[in-house]
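Engineer: So that we are looking at the same thing, I have put the structure below in structure tokens.
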Amino acid sequence: MRKLAAIILSVIHLIMMGLLLAIFHPIQMVAYYIFGYRTHKRTVDVLNFLLVQNLYTLACRPSFEGFELLPKNRPLIIVANHQSMYDISPVGWGFRKHHPKFISKAELGKNLPSVSFNLRKGGSVLIDRKQGAHSIKEIQKLGRRMEERNWSVCLFPEGTRSKNGQLKAFQPAGFKALLKESPNALIVPFAIDGNYKLHRWGQFPLNIGIRLRYTALRPLERGDFDDEVLLELVKEQIRKHLA
């Protein structure tokens, strides 16, 4: 019975998601090419809000915590665990006041309504993991823009999604590249709790009735920490929160 309900609600959910992405694609284009970055960002904020609200069609209950503790006048390096493709819109909505950007694989820059346009034009970077040296240079460029404009950048240092919610090893290369170019950045651990449960039966149907928690944890100053030690401290905060 639960799976049958999940099939029905998943169809509704995916139709709504497809409509949102299709509708906001031309809206983003008009906002970007005619009105510029700020208007484009506002349209993306609204899209992310609606995508998060669309989780209620699965009888899920998303909640956001900890964002009131974050300063608005500093760049942020957001270090998050990775559980699902549904991790992106909560980051975009939760950190909307901090202009969040992403380091994404190049394939996502093509053929995805709304998503691809925002990645290409909204300030994020697209990298090819097979071209490590070039990817690091692109991340460093993003770090410099981040420092200049008080932007934030979200990293998923696990690289690939965790199917069972357990943390994988954190890869330090992107984190170190950002810190090199943005020494004033505040490090924000971000715990995504529950998104992996959406894929109990794979990509379809999606699971239903889940509580989803998105928590900005206690920020860390760079201080005198070695970069890799700092990343391990971030990982430990996330691990404890998930536990």
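For the structure tokens, the naming scheme is as follows: chains receive sequential letters (A, B, ...) according to their order of presentation, residues are indexed from 1 within each chain, and ligands are indexed from 1 in presentation order.
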Would you please extract all strand (DSSP E) residues from region 36-158 of chain A, as assigned by DSSP on the backbone, and give them as a PyMOL selection string?
Structural biologist: chain A and resi 61-65+76-80+100-105+125-127+152-155
Engineer: Write a file of the selected residues as a PDB file, in the first residue's frame, keeping C-alpha atoms.
Structural biologist:
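Output file part-v2.pdb is given in full below:
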ATOM      1  CA  ARG A  61       8.415  17.659   5.852  1.00  0.00           C
ATOM      2  CA  PRO A  62      11.504  19.760   5.119  1.00  0.00           C
ATOM      3  CA  SER A  63      12.924  21.952   7.896  1.00  0.00           C
ATOM      4  CA  PHE A  64      15.772  24.481   7.995  1.00  0.00           C
ATOM      5  CA  GLU A  65      17.874  25.353  11.048  1.00  0.00           C
ATOM      6  CA  LEU A  76      31.153  31.372   3.014  1.00  0.00           C
ATOM      7  CA  ILE A  77      32.537  27.996   2.052  1.00  0.00           C
ATOM      8  CA  ILE A  78      29.591  25.656   2.568  1.00  0.00           C
ATOM      9  CA  VAL A  79      30.750  22.070   3.049  1.00  0.00           C
ATOM     10  CA  ALA A  80      27.855  19.629   2.746  1.00  0.00           C
ATOM     11  CA  PRO A 100      25.407  30.378  -3.101  1.00  0.00           C
ATOM     12  CA  LYS A 101      27.316  28.997  -6.104  1.00  0.00           C
ATOM     13  CA  PHE A 102      28.176  25.422  -6.960  1.00  0.00           C
ATOM     14  CA  ILE A 103      31.057  23.393  -8.298  1.00  0.00           C
ATOM     15  CA  SER A 104      29.307  21.019 -10.655  1.00  0.00           C
ATOM     16  CA  LYS A 105      30.248  18.385 -13.193  1.00  0.00           C
ATOM     17  CA  VAL A 125      31.640  26.584 -12.324  1.00  0.00           C
ATOM     18  CA  LEU A 126      31.390  23.445 -14.416  1.00  0.00           C
ATOM     19  CA  ILE A 127      34.344  21.073 -14.250  1.00  0.00           C
ATOM     20  CA  SER A 152      29.277  31.654  -1.037  1.00  0.00           C
ATOM     21  CA  VAL A 153      30.317  28.389  -2.628  1.00  0.00           C
ATOM     22  CA  CYS A 154      28.874  24.979  -1.790  1.00  0.00           C
ATOM     23  CA  LEU A 155      31.138  21.941  -1.928  1.00  0.00           C
TER      24      LEU A 155
END
Engineer: Rounded to one decimal, what separation in Å do you get between CA of Ile23 (chain A) and CA of His82 (chain A)?
Structural biologist: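 Distance reported for this atom pair: 27.2 Å.
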Engineer: Have a look at A:Phe49, A:Leu179, A:Met85, A:Leu69 and name the one nearest to Leu108 (chain A); count only C-alpha atoms.
Structural biologist: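 Under the stated criterion, the closest residue is A:Met85.
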Engineer: CA of Val234 (chain A) and CA of Val115 (chain A), how far apart in Å?
Structural biologist: 27.8 Å
Engineer: Counting only C-alpha atoms, which residues in region 143-210 of chain A sit no more than 12 Å from region 216-230 of chain A? For each one, give the nearest pair of atoms and the distance in Å, sorted by chain then residue number, as a Markdown table.
Structural biologist:
| residue | atom | partner | partner_atom | distance |
| --- | --- | --- | --- | --- |
| A:Cys154 | CA | A:Ala216 | CA | 12.0 |
| A:Pro157 | CA | A:Glu228 | CA | 11.7 |
| A:Ala169 | CA | A:Glu228 | CA | 11.9 |
| A:Phe170 | CA | A:Glu228 | CA | 9.4 |
| A:Gln171 | CA | A:Glu228 | CA | 9.0 |
| A:Pro172 | CA | A:Glu228 | CA | 6.3 |
| A:Ala173 | CA | A:Glu228 | CA | 9.2 |
| A:Gly174 | CA | A:Asp227 | CA | 10.8 |
| A:Phe175 | CA | A:Asp227 | CA | 7.8 |
| A:Lys176 | CA | A:Asp227 | CA | 6.1 |
| A:Ala177 | CA | A:Asp227 | CA | 9.8 |
| A:Leu178 | CA | A:Asp227 | CA | 10.4 |
| A:Leu179 | CA | A:Asp227 | CA | 7.9 |
| A:Lys180 | CA | A:Asp227 | CA | 9.4 |
| A:Ser182 | CA | A:Arg222 | CA | 10.6 |
| A:Pro183 | CA | A:Arg222 | CA | 7.8 |
| A:Asn184 | CA | A:Arg222 | CA | 8.1 |
| A:Ala185 | CA | A:Arg222 | CA | 7.8 |
| A:Leu186 | CA | A:Glu221 | CA | 5.6 |
| A:Ile187 | CA | A:Leu220 | CA | 5.0 |
| A:Val188 | CA | A:Pro219 | CA | 4.6 |
| A:Pro189 | CA | A:Leu217 | CA | 5.3 |
| A:Phe190 | CA | A:Ala216 | CA | 4.7 |
| A:Ala191 | CA | A:Ala216 | CA | 6.5 |
| A:Ile192 | CA | A:Ala216 | CA | 9.1 |
| A:Asp193 | CA | A:Ala216 | CA | 11.4 |
